[in-house]
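One structure is given below, encoded as structure tokens.
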4 protein chains.
Amino acid sequence: MLVVMKAQATPEDIQVVCEHIERLGYRAHPLPGAQRTAIGITGNQGEVDRGNLEELPGVAEVIRVSKPYKLASRDVKQEDTVVRFPGTDAAIGGRELAVIAGPCSIESREQAFAIAEQVAGSGAQFFRGGAYKPRTSPYAFQGLGLDALKIMAEIRERFGLRIVTEALDYETLELVAEWADVVQIGARNMQNFSLLKQAGRLRKPVLIKRGLSATLEEFLMAAEYVMSEGNYQVILCERGVRTFSDHSRNTLDLSVMLPMARAAVAGGADGIIVEVHHQPEIALSDGPQSIYPAQFEKMMNEIEMIAPVVSRTLPRGIRVGASAE
Amino acid sequence: MLVVMKAQATPEDIQVVCEHIERLGYRAHPLPGAQRTAIGITGNQGEVDRGNLEELPGVAEVIRVSKPYKLASRDVKQEDTVVRFPGTDAAIGGRELAVIAGPCSIESREQAFAIAEQVAGSGAQFFRGGAYKPRTSPYAFQGLGLDALKIMAEIRERFGLRIVTEALDYETLELVAEWADVVQIGARNMQNFSLLKQAGRLRKPVLIKRGLSATLEEFLMAAEYVMSEGNYQVILCERGVRTFSDHSRNTLDLSVMLPMARAAVAGGADGIIVEVHHQPEIALSDGPQSIYPAQFEKMMNEIEMIAPVVSRTLPRGIRVGASAE
Amino acid sequence: MLVVMKAQATPEDIQVVCEHIERLGYRAHPLPGAQRTAIGITGNQGEVDRGNLEELPGVAEVIRVSKPYKLASRDVKQEDTVVRFPGTDAAIGGRELAVIAGPCSIESREQAFAIAEQVAGSGAQFFRGGAYKPRTSPYAFQGLGLDALKIMAEIRERFGLRIVTEALDYETLELVAEWADVVQIGARNMQNFSLLKQAGRLRKPVLIKRGLSATLEEFLMAAEYVMSEGNYQVILCERGVRTFSDHSRNTLDLSVMLPMARAAVAGGADGIIVEVHHQPEIALSDGPQSIYPAQFEKMMNEIEMIAPVVSRTLPRGIRVGASAE
Amino acid sequence: MLVVMKAQATPEDIQVVCEHIERLGYRAHPLPGAQRTAIGITGNQGEVDRGNLEELPGVAEVIRVSKPYKLASRDVKQEDTVVRFPGTDAAIGGRELAVIAGPCSIESREQAFAIAEQVAGSGAQFFRGGAYKPRTSPYAFQGLGLDALKIMAEIRERFGLRIVTEALDYETLELVAEWADVVQIGARNMQNFSLLKQAGRLRKPVLIKRGLSATLEEFLMAAEYVMSEGNYQVILCERGVRTFSDHSRNTLDLSVMLPMARAAVAGGADGIIVEVHHQPEIALSDGPQSIYPAQFEKMMNEIEMIAPVVSRTLPRGIRVGASAE
């Protein structure tokens, strides 16, 4: 259910409607838009009893949201979501393509700085690196943990890059939210509903990777879990799905990352997340699917040329890392 | 790596070998077999330095386990795993087929008792019912929680059924381990490695459902996560995978549960887990895939006839629930 | 559209209705049932103009068949289809399980006779063997062709087995229809609509294997193509589908054929088709998925025990091959 | 097996080697390259006995091709294949992107001309339209057949467009080869090996669509079937595969054709095949996945901008249709 307020509704009107909704036993989600505010209603098992909601001051109409996802629906918010990072120009979902790059895992301060300098030099605005790794084998490298988070905080200071890293569970979610700028929920946890709910109580953007076999609706419902707790800064990251087709790891062909990055931009993606490593042959995890910094620079040149076709830009003037040389 | 002890090795020999392994910085897993004990070695990143292990008293040979799963491998333990329940005759993996039946969710004391009585009467040895439900929508019924656990504990007392129920996260894992007999890890959490590790520290059997798109190897690696923490009582539950084929929910055809139950027994499964509800049309969750008690009774009669073909039994003499009437 | 005739309708009534339908520009398919005859109407692009059909003598009612498959629908024919073989007791779809066994390819007269004798001895009623092989590689063994068909005709004479073999195209379809008892359409040709239509003009039963990625509806539509040309003797053969799961060739697990044969019977299949070879290690095609005659005998013993659970029999008294010893 | 000739080898040297190969009972495929000629050897069941091939005049070396596809392998021909159309500038696989556009089915002369004029005006060099339609239902519109072929031949005359259309079986293959410029083999026939072989005997380019569940290797083996008969002009057309993901028809997302066309060009495709219809709402087949001419014009503008990033052009100066106005 969605309460659409009139354009001239006052903050007090909105406040009154929200309190009314809460009194009915539901949860109210005020969602300010460019023209006017909508208020999402969740927390109901079945049909919401709309009571006299439509008669409250400032209310334009009360509409039913027919999709299983409510807050993630365009019914509720027609504008594109733009996730912003206070104190910076960086954004995800705006006119500027967001480029998130870095190694699979943070392996050492030296490795992380070497890669960060290079991706910043090529124009990435975000740095990614695993601190806590969800590995298929319990015997594989599990990440440097808190040390990795501290190294990435230094990288933010030094290169002006925003930090994206994955959280696996309650403890790591709190640590990642404290040290990073975007909390990543991995594909294997896309339906770890307890973790999604906890992420919904954060005040940090959450990037959710699509599960290996998730339908589009399930992917949106994962976003809904986060949003239903009040955190509307959700970034959805498509990464291919698992099929019978075995010549690449996923059917989006992560194995041929450069063509796919170009294709993703041409297809209208808001941004790109890519693993970059200066020495992938000795990487502790996922070396084979990383690209070299020189390949990353080439990719950036290419997507910069494609971006205008989809009314995007890739402003690369700042180049913190390069100018820091 | 696996240390195979001689048949005549003493407990002291085994103790010495385990201590030796731990001193090398690895973890030792003594695995007693019918003939002799094997000791699994985990905790190594690469190749284990076998040092002078082969020269220790009682050691027959040291062999490399080439599969990514070690403790879950037949190399390490050739015998079938039988999970037993102290103080009862119930077992999973033994000659007797294990039948686990009950509703999707515990909805009330009355509903749970009605169903428990009927499935016990038909010869099920285990009762299943959701206390904590992983729902695709944050707005769907999430389970009765601790109240449901307490109801199921009463059912164990009353009907002699062992209790199987799902845990979703740290808190619910501890509660389920306290109140139930088997801790279920659902398909969506099959690669929630933090949860699997925590389950590995329990002293209760863990039933893992196959993930929607999990390969066989990934399924075994989930077991390995639990086992690598010292809990070897792992039950793997196949439940079909997600494919393009959309006429049923999963490709094992859960929608035609009676034929599939017969097929599973004929194919050699150790047991069956099935949702039974006396009023599925008003069930709070998953009603459409539940069967009625009368269908359950028919299913039991059928699999009882098939069981001997695969050298199994389905002894139904006790019928606690029925005889309790 | 379906015209249901009254139980007491005469052959003349049926004839009149059929002629009426043909005059309207459609095709009439009289389908005699146990109680009464139904007449399917096909050949229409959109809605059939039912004209005054309901007023013709002997017509009980005219009903719309809402499914995309008409003649393959239970709406049109409620009874199970039983495909019979004149002059023999063999049938597919009746109370007796049909067992179709033999090598992937006919490699020589000696090989074919050796295997035929053994499967007949174990109670199979049908012999299968490839004469024309659809191979993924143009450089692989393509079958012995007409020679293989002649060898199988001898086998029918000698052991009383009905012959099932695959046709690939127009020429081989005519040859197979001439020499064999059942014309097989392989999985790769399941949507070769030209071939299906031609098979629909035969007066021989057609066995269609499910395509690697065919939905249930597409599978039924393949049957509909054959039936729409007037051949209602269609046998559908499930053989698993292609998924991400790579530990076996198809997701029905053909690699573990014995458990799956038991499971198929327990699940309610009308019969089993299985590759048997006395020397699979030197077979010219598909050796690894063949079973040995001794395994086949064991399989027969096992499914004979399961058959009564699903109200089937597997009468093995005749054992032509064995008695011929 | 592949015989690589020296750069200075004469036509007579090549002739001698080919005859030698044929005398050994194999088939020789001379494949001229930019620098020198290679001669593919096929027709062997196992290892080729290379005899004294290496000693013949002009032979540089004899190498084993380890892949199951030989002639389709880069081992045999390193250069990109460019399919040319004599008497025109049109090509597929060259520097210029090939754009193939037109309706799903030819429905009438008026419909076909209206669409052809518009796609030619937007710069397409190829016109596609179904004459023979492989429909899932035997009761659906099956195409206009020969009349459609004749209409398309007129379109070639009038607008200078090359014609691409599908053949279903022997008869239609001969007709399509006679009337069209490119013979299309549809996804459902990708493993109709009889049809592929017959297409290999044509002297017209063959466009093969990827099967719904075909692996990359199977797709290449389909090309190999055509090539093994001597026709090396094979065009492979990716069209997405069938997966669990049901929000679009195939997993390449044909439902969002404009973004995918841009993505395909950005990803490095040689060309685009797209269904265009001026009145999709009344189309006899596949209306919902067609785009309007105005959308097509927009698509062309967009991919024209992307083409240079992948070193391609989309020269649209000629615009036959538009200038014909």
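Identifiers in this document derive from the order of the structure tokens: chains are assigned A, B, ..., residues are numbered from 1 separately in each chain, and ligands are numbered from 1 in order of occurrence.
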
For Ala72 in chain C, list every protein, DNA or RNA residue within 10 Å, evaluated using only C-alpha atoms, and leave out those in the same chain fewer than 2 positions away; present the list as a PyMOL selection string. chain C and resi 67-70+74-77+81+220-228+232+234

Tell me which protein, DNA and RNA residues are within 8 Å of Val164 in chain C, counting only C-alpha atoms, leaving out same-chain ones fewer than 5 positions away, and put them as a list in words. Ile100, Phe126, Phe127, Arg128, Gly129, Ala180, Asp181, Val182, Val183 and Gln184 of chain C

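Looking only at range 43-185 of chain A, the set that DSSP places in strand (DSSP E) from backbone geometry is Val59, Ala60, Glu61, Val62, Ile63, Val83, Arg84, Ala91, Ile92, Ala98, Val99, Ile100, Ala101, Gly102, Phe126, Phe127, Arg128, Arg162, Ile163, Val164, Thr165, Glu166, Ala167, Val182, Val183, Gln184 and Ile185 of chain A.
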
Keeping only N, CA, C and O atoms, write the selected residues to a file as a compact mmCIF listing (two decimals), in the first residue's frame.
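Final file, again-v3.txt:
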# COMPACT_ATOMS: atom_id res chain seq x y z
N VAL A 59 -3.13 14.31 1.82
CA VAL A 59 -3.11 13.02 1.11
C VAL A 59 -3.77 13.17 -0.25
O VAL A 59 -4.91 13.64 -0.35
N ALA A 60 -3.05 12.78 -1.32
CA ALA A 60 -3.62 12.85 -2.67
C ALA A 60 -4.40 11.58 -2.98
O ALA A 60 -5.55 11.62 -3.39
N GLU A 61 -3.76 10.43 -2.76
CA GLU A 61 -4.47 9.17 -2.98
C GLU A 61 -3.77 8.03 -2.26
O GLU A 61 -2.60 8.13 -1.88
N VAL A 62 -4.49 6.94 -2.08
CA VAL A 62 -3.92 5.74 -1.46
C VAL A 62 -4.02 4.64 -2.52
O VAL A 62 -5.12 4.37 -3.01
N ILE A 63 -2.88 4.07 -2.90
CA ILE A 63 -2.94 3.07 -3.97
C ILE A 63 -2.35 1.75 -3.50
O ILE A 63 -1.48 1.70 -2.64
N VAL A 83 22.55 6.71 -5.24
CA VAL A 83 23.20 6.57 -3.94
C VAL A 83 24.38 7.53 -3.91
O VAL A 83 25.25 7.48 -4.77
N ARG A 84 24.36 8.46 -2.95
CA ARG A 84 25.41 9.49 -2.87
C ARG A 84 26.32 9.25 -1.67
O ARG A 84 25.94 8.56 -0.72
N ALA A 91 28.92 8.90 -6.82
CA ALA A 91 27.51 8.50 -6.73
C ALA A 91 27.33 7.23 -7.54
O ALA A 91 28.11 6.94 -8.44
N ILE A 92 26.31 6.47 -7.20
CA ILE A 92 25.98 5.29 -8.00
C ILE A 92 24.53 5.44 -8.42
O ILE A 92 23.65 5.64 -7.58
N ALA A 98 29.58 4.57 -12.37
CA ALA A 98 30.36 4.25 -11.17
C ALA A 98 31.29 3.09 -11.50
O ALA A 98 30.83 2.06 -11.98
N VAL A 99 32.56 3.25 -11.24
CA VAL A 99 33.50 2.16 -11.49
C VAL A 99 34.11 1.73 -10.17
O VAL A 99 34.73 2.52 -9.46
N ILE A 100 33.90 0.46 -9.85
CA ILE A 100 34.37 -0.14 -8.60
C ILE A 100 35.42 -1.16 -8.98
O ILE A 100 35.12 -2.12 -9.69
N ALA A 101 36.65 -0.97 -8.55
CA ALA A 101 37.71 -1.88 -8.98
C ALA A 101 38.65 -2.19 -7.84
O ALA A 101 38.77 -1.41 -6.89
N GLY A 102 39.30 -3.32 -7.93
CA GLY A 102 40.25 -3.72 -6.90
C GLY A 102 40.40 -5.22 -6.89
O GLY A 102 39.75 -5.93 -7.65
N PHE A 126 35.68 3.99 -6.86
CA PHE A 126 35.46 3.08 -5.74
C PHE A 126 36.53 1.98 -5.74
O PHE A 126 36.94 1.51 -6.81
N PHE A 127 36.93 1.58 -4.56
CA PHE A 127 37.91 0.51 -4.42
C PHE A 127 37.25 -0.68 -3.74
O PHE A 127 36.57 -0.52 -2.73
N ARG A 128 37.42 -1.86 -4.30
CA ARG A 128 36.86 -3.06 -3.70
C ARG A 128 38.01 -4.01 -3.33
O ARG A 128 39.03 -4.07 -4.04
N ARG A 162 36.18 5.56 -2.55
CA ARG A 162 35.20 5.01 -1.60
C ARG A 162 35.43 3.50 -1.52
O ARG A 162 35.79 2.87 -2.52
N ILE A 163 35.18 2.91 -0.38
CA ILE A 163 35.53 1.50 -0.14
C ILE A 163 34.28 0.60 -0.16
O ILE A 163 33.30 0.89 0.52
N VAL A 164 34.35 -0.48 -0.94
CA VAL A 164 33.27 -1.48 -1.04
C VAL A 164 33.84 -2.82 -0.61
O VAL A 164 34.82 -3.29 -1.19
N THR A 165 33.22 -3.46 0.38
CA THR A 165 33.74 -4.78 0.79
C THR A 165 32.62 -5.61 1.39
O THR A 165 31.60 -5.08 1.84
N GLU A 166 32.82 -6.92 1.36
CA GLU A 166 31.74 -7.84 1.70
C GLU A 166 31.68 -8.17 3.19
O GLU A 166 32.70 -8.36 3.84
N ALA A 167 30.43 -8.28 3.68
CA ALA A 167 30.19 -8.76 5.03
C ALA A 167 29.53 -10.13 4.94
O ALA A 167 28.72 -10.38 4.05
N VAL A 182 30.51 1.15 1.39
CA VAL A 182 29.41 0.34 0.87
C VAL A 182 29.57 -1.07 1.42
O VAL A 182 30.66 -1.64 1.37
N VAL A 183 28.49 -1.62 1.96
CA VAL A 183 28.50 -2.97 2.50
C VAL A 183 28.02 -3.92 1.41
O VAL A 183 26.90 -3.80 0.93
N GLN A 184 28.86 -4.85 1.03
CA GLN A 184 28.49 -5.80 -0.01
C GLN A 184 27.90 -7.06 0.62
O GLN A 184 28.43 -7.60 1.57
N ILE A 185 26.76 -7.52 0.06
CA ILE A 185 26.19 -8.83 0.42
C ILE A 185 26.45 -9.73 -0.78
O ILE A 185 26.02 -9.43 -1.89

Residue neighbourhood His277 in chain C, 9 Å, only C-alpha atoms, exclusion window fewer than 3 positions, as a PyMOL selection string: chain C and resi 102-104+111-112+114-115+280-281+283+287+290-293

Could you tell me which residues of chain A sit within 8 Å of chain B when counting only C-alpha atoms, and give me the result as an NGL selection string? :A and (42-45 or 68-69 or 134-141 or 168-169 or 188-189 or 191-194 or 212-213 or 218 or 221-222 or 224-225 or 228 or 242)

Go ahead and write the residues just picked, N, CA, C and O atoms, as a short mmCIF file (atom, residue, chain, number, x, y, z; two decimals), in the first residue's frame.
data_model
loop_
_atom_site.label_atom_id
_atom_site.label_comp_id
_atom_site.auth_asym_id
_atom_site.auth_seq_id
_atom_site.Cartn_x
_atom_site.Cartn_y
_atom_site.Cartn_z
N THR A 42 4.28 -1.01 5.11
CA THR A 42 4.62 -2.43 5.17
C THR A 42 4.27 -2.95 6.55
O THR A 42 3.85 -2.19 7.43
N GLY A 43 4.48 -4.27 6.72
CA GLY A 43 4.24 -4.85 8.04
C GLY A 43 2.89 -5.52 8.15
O GLY A 43 2.56 -6.13 9.16
N ASN A 44 2.15 -5.45 7.07
CA ASN A 44 0.84 -6.11 7.06
C ASN A 44 0.98 -7.52 6.52
O ASN A 44 1.78 -7.78 5.63
N GLN A 45 0.20 -8.46 7.06
CA GLN A 45 0.21 -9.82 6.52
C GLN A 45 -0.64 -9.87 5.26
O GLN A 45 -0.24 -10.38 4.26
N PRO A 68 4.89 -8.15 -5.40
CA PRO A 68 5.33 -8.65 -4.08
C PRO A 68 6.38 -7.74 -3.47
O PRO A 68 6.51 -7.66 -2.26
N TYR A 69 7.16 -7.06 -4.29
CA TYR A 69 8.09 -6.07 -3.74
C TYR A 69 7.37 -4.73 -3.77
O TYR A 69 6.67 -4.42 -4.74
N PRO A 134 34.00 -15.49 1.44
CA PRO A 134 33.16 -16.70 1.52
C PRO A 134 33.72 -17.74 0.57
O PRO A 134 33.49 -17.69 -0.63
N ARG A 135 34.51 -18.65 1.08
CA ARG A 135 35.18 -19.62 0.22
C ARG A 135 34.45 -20.96 0.23
O ARG A 135 34.02 -21.42 1.29
N THR A 136 34.35 -21.60 -0.93
CA THR A 136 33.67 -22.89 -1.01
C THR A 136 34.33 -23.92 -0.11
O THR A 136 33.68 -24.80 0.43
N SER A 137 35.64 -23.81 0.05
CA SER A 137 36.36 -24.77 0.90
C SER A 137 36.72 -24.14 2.24
O SER A 137 37.23 -23.02 2.29
N PRO A 138 36.51 -24.88 3.32
CA PRO A 138 36.91 -24.34 4.63
C PRO A 138 38.42 -24.23 4.75
O PRO A 138 38.92 -23.63 5.70
N TYR A 139 39.14 -24.84 3.84
CA TYR A 139 40.59 -24.87 3.94
C TYR A 139 41.25 -23.79 3.08
O TYR A 139 42.47 -23.72 2.99
N ALA A 140 40.46 -22.99 2.36
CA ALA A 140 41.02 -21.95 1.50
C ALA A 140 41.23 -20.66 2.28
O ALA A 140 40.67 -20.47 3.36
N PHE A 141 42.04 -19.76 1.74
CA PHE A 141 42.34 -18.46 2.36
C PHE A 141 41.05 -17.70 2.68
O PHE A 141 40.21 -17.52 1.81
N LEU A 168 29.89 -11.01 5.88
CA LEU A 168 29.43 -12.40 5.81
C LEU A 168 28.38 -12.74 6.86
O LEU A 168 27.61 -13.68 6.68
N ASP A 169 28.44 -12.02 8.00
CA ASP A 169 27.58 -12.38 9.12
C ASP A 169 27.47 -11.19 10.05
O ASP A 169 27.94 -10.09 9.73
N ARG A 188 26.09 -15.68 -2.47
CA ARG A 188 25.70 -16.83 -1.64
C ARG A 188 24.82 -16.43 -0.48
O ARG A 188 24.16 -17.26 0.12
N ASN A 189 24.86 -15.15 -0.11
CA ASN A 189 24.05 -14.66 1.00
C ASN A 189 22.83 -13.87 0.54
O ASN A 189 22.17 -13.23 1.34
N GLN A 191 19.97 -14.69 -0.16
CA GLN A 191 18.74 -15.04 0.55
C GLN A 191 19.01 -15.40 2.01
O GLN A 191 18.28 -16.19 2.61
N ASN A 192 20.08 -14.83 2.56
CA ASN A 192 20.33 -14.93 3.99
C ASN A 192 19.53 -13.79 4.62
O ASN A 192 20.03 -12.68 4.82
N PHE A 193 18.26 -14.10 4.90
CA PHE A 193 17.33 -13.03 5.24
C PHE A 193 17.69 -12.34 6.55
O PHE A 193 17.45 -11.14 6.72
N SER A 194 18.27 -13.09 7.49
CA SER A 194 18.68 -12.47 8.75
C SER A 194 19.74 -11.40 8.50
O SER A 194 19.69 -10.30 9.06
N LEU A 212 23.26 -17.04 -7.51
CA LEU A 212 23.58 -17.87 -8.66
C LEU A 212 22.35 -18.35 -9.42
O LEU A 212 22.39 -18.58 -10.62
N SER A 213 21.26 -18.55 -8.71
CA SER A 213 20.06 -19.06 -9.37
C SER A 213 18.85 -18.22 -9.00
O SER A 213 17.73 -18.70 -9.00
N GLU A 218 13.15 -12.61 -7.01
CA GLU A 218 13.85 -12.89 -5.75
C GLU A 218 14.94 -11.85 -5.48
O GLU A 218 15.21 -11.50 -4.33
N MET A 221 13.27 -8.95 -4.15
CA MET A 221 12.81 -9.21 -2.78
C MET A 221 13.97 -9.11 -1.78
O MET A 221 13.75 -8.75 -0.61
N ALA A 222 15.18 -9.42 -2.21
CA ALA A 222 16.34 -9.25 -1.33
C ALA A 222 16.51 -7.76 -1.01
O ALA A 222 16.76 -7.38 0.14
N GLU A 224 14.11 -5.66 -1.09
CA GLU A 224 12.96 -5.31 -0.26
C GLU A 224 13.24 -5.60 1.22
O GLU A 224 12.82 -4.85 2.10
N TYR A 225 13.92 -6.73 1.50
CA TYR A 225 14.26 -7.05 2.89
C TYR A 225 15.06 -5.92 3.54
O TYR A 225 14.81 -5.52 4.68
N SER A 228 12.79 -2.76 3.79
CA SER A 228 11.69 -2.86 4.74
C SER A 228 12.14 -2.50 6.15
O SER A 228 11.32 -2.23 7.02
N ARG A 242 23.92 -19.19 -12.99
CA ARG A 242 24.49 -20.51 -13.26
C ARG A 242 23.59 -21.27 -14.22
O ARG A 242 22.40 -21.42 -13.97
#

Which of range 119-297 of chain A counts as helix (DSSP H, G or I) under DSSP, as a count of residues only please? 76

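Going from CA of Gln118 in chain D over to CA of Phe159 in chain D, you cover 10.1 Å.
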
Would you kindly return, as a short mmCIF file (atom, residue, chain, number, x, y, z; two decimals) with N, CA and C atoms, in the first residue's frame, each protein, DNA or RNA residue with an atom no farther than 9 Å from any atom of Ala131 in chain C, considering only C-alpha atoms and excluding same-chain residues fewer than 2 positions away?
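around_13.cif, written as the output of this step:
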data_model
loop_
_atom_site.label_atom_id
_atom_site.label_comp_id
_atom_site.auth_asym_id
_atom_site.auth_seq_id
_atom_site.Cartn_x
_atom_site.Cartn_y
_atom_site.Cartn_z
N SER C 105 24.56 -48.64 -30.26
CA SER C 105 24.63 -48.88 -31.71
C SER C 105 24.71 -50.37 -32.00
N ILE C 106 24.11 -50.75 -33.13
CA ILE C 106 24.37 -52.09 -33.67
C ILE C 106 25.74 -52.03 -34.32
N GLU C 107 26.65 -52.87 -33.82
CA GLU C 107 28.03 -52.81 -34.31
C GLU C 107 28.35 -53.98 -35.22
N GLY C 129 18.51 -50.58 -30.64
CA GLY C 129 19.88 -50.54 -31.14
C GLY C 129 19.93 -49.50 -32.23
N LYS C 133 22.94 -42.98 -36.27
CA LYS C 133 23.29 -42.33 -35.01
C LYS C 133 23.46 -40.82 -35.19
N GLN C 142 28.84 -43.35 -37.40
CA GLN C 142 27.50 -42.88 -37.73
C GLN C 142 26.47 -44.02 -37.83
N GLY C 143 26.86 -45.23 -37.50
CA GLY C 143 25.90 -46.35 -37.53
C GLY C 143 26.03 -47.19 -38.80
N LEU C 144 25.53 -48.43 -38.70
CA LEU C 144 25.65 -49.36 -39.84
C LEU C 144 24.50 -49.20 -40.84
N GLY C 145 23.52 -48.38 -40.51
CA GLY C 145 22.45 -48.11 -41.47
C GLY C 145 21.57 -49.32 -41.74
N LEU C 146 21.26 -49.51 -43.02
CA LEU C 146 20.33 -50.56 -43.42
C LEU C 146 20.76 -51.94 -42.92
N ASP C 147 22.07 -52.20 -42.91
CA ASP C 147 22.54 -53.49 -42.39
C ASP C 147 22.08 -53.71 -40.96
N ALA C 148 22.13 -52.64 -40.18
CA ALA C 148 21.69 -52.76 -38.78
C ALA C 148 20.20 -53.06 -38.71
N LEU C 149 19.42 -52.41 -39.57
CA LEU C 149 17.98 -52.68 -39.58
C LEU C 149 17.70 -54.15 -39.89
N THR C 165 14.08 -48.31 -32.92
CA THR C 165 15.31 -47.69 -33.41
C THR C 165 15.03 -46.31 -33.95
N GLU C 166 16.08 -45.49 -33.96
CA GLU C 166 15.90 -44.05 -34.25
C GLU C 166 15.98 -43.72 -35.74
N ALA C 167 15.11 -42.79 -36.14
CA ALA C 167 15.16 -42.24 -37.49
C ALA C 167 15.61 -40.80 -37.40
N VAL C 176 13.20 -47.02 -41.35
CA VAL C 176 12.93 -47.49 -39.99
C VAL C 176 11.48 -47.97 -39.88
#

I'd like the neighbourhood of Glu96 in chain B as a ChimeraX atom specification, where a residue qualifies if any of its atoms comes within 8 Å (using only C-alpha atoms), though same-chain residues fewer than 4 positions away should be ignored. /B:91-92,270,312-315

Rounded to one decimal place, report the CA of Ile41 in chain D-CA of Arg210 in chain D distance in Å. 25.9 Å

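Put simply, CA of Gly240 in chain D is 22.0 Å away from CA of Pro205 in chain D.
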
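Proximity ranking of A:Ile273, A:Ile151, A:Ala28, A:Ala263 relative to Ala307 in chain D places A:Ala263 first, based on only C-alpha atoms.
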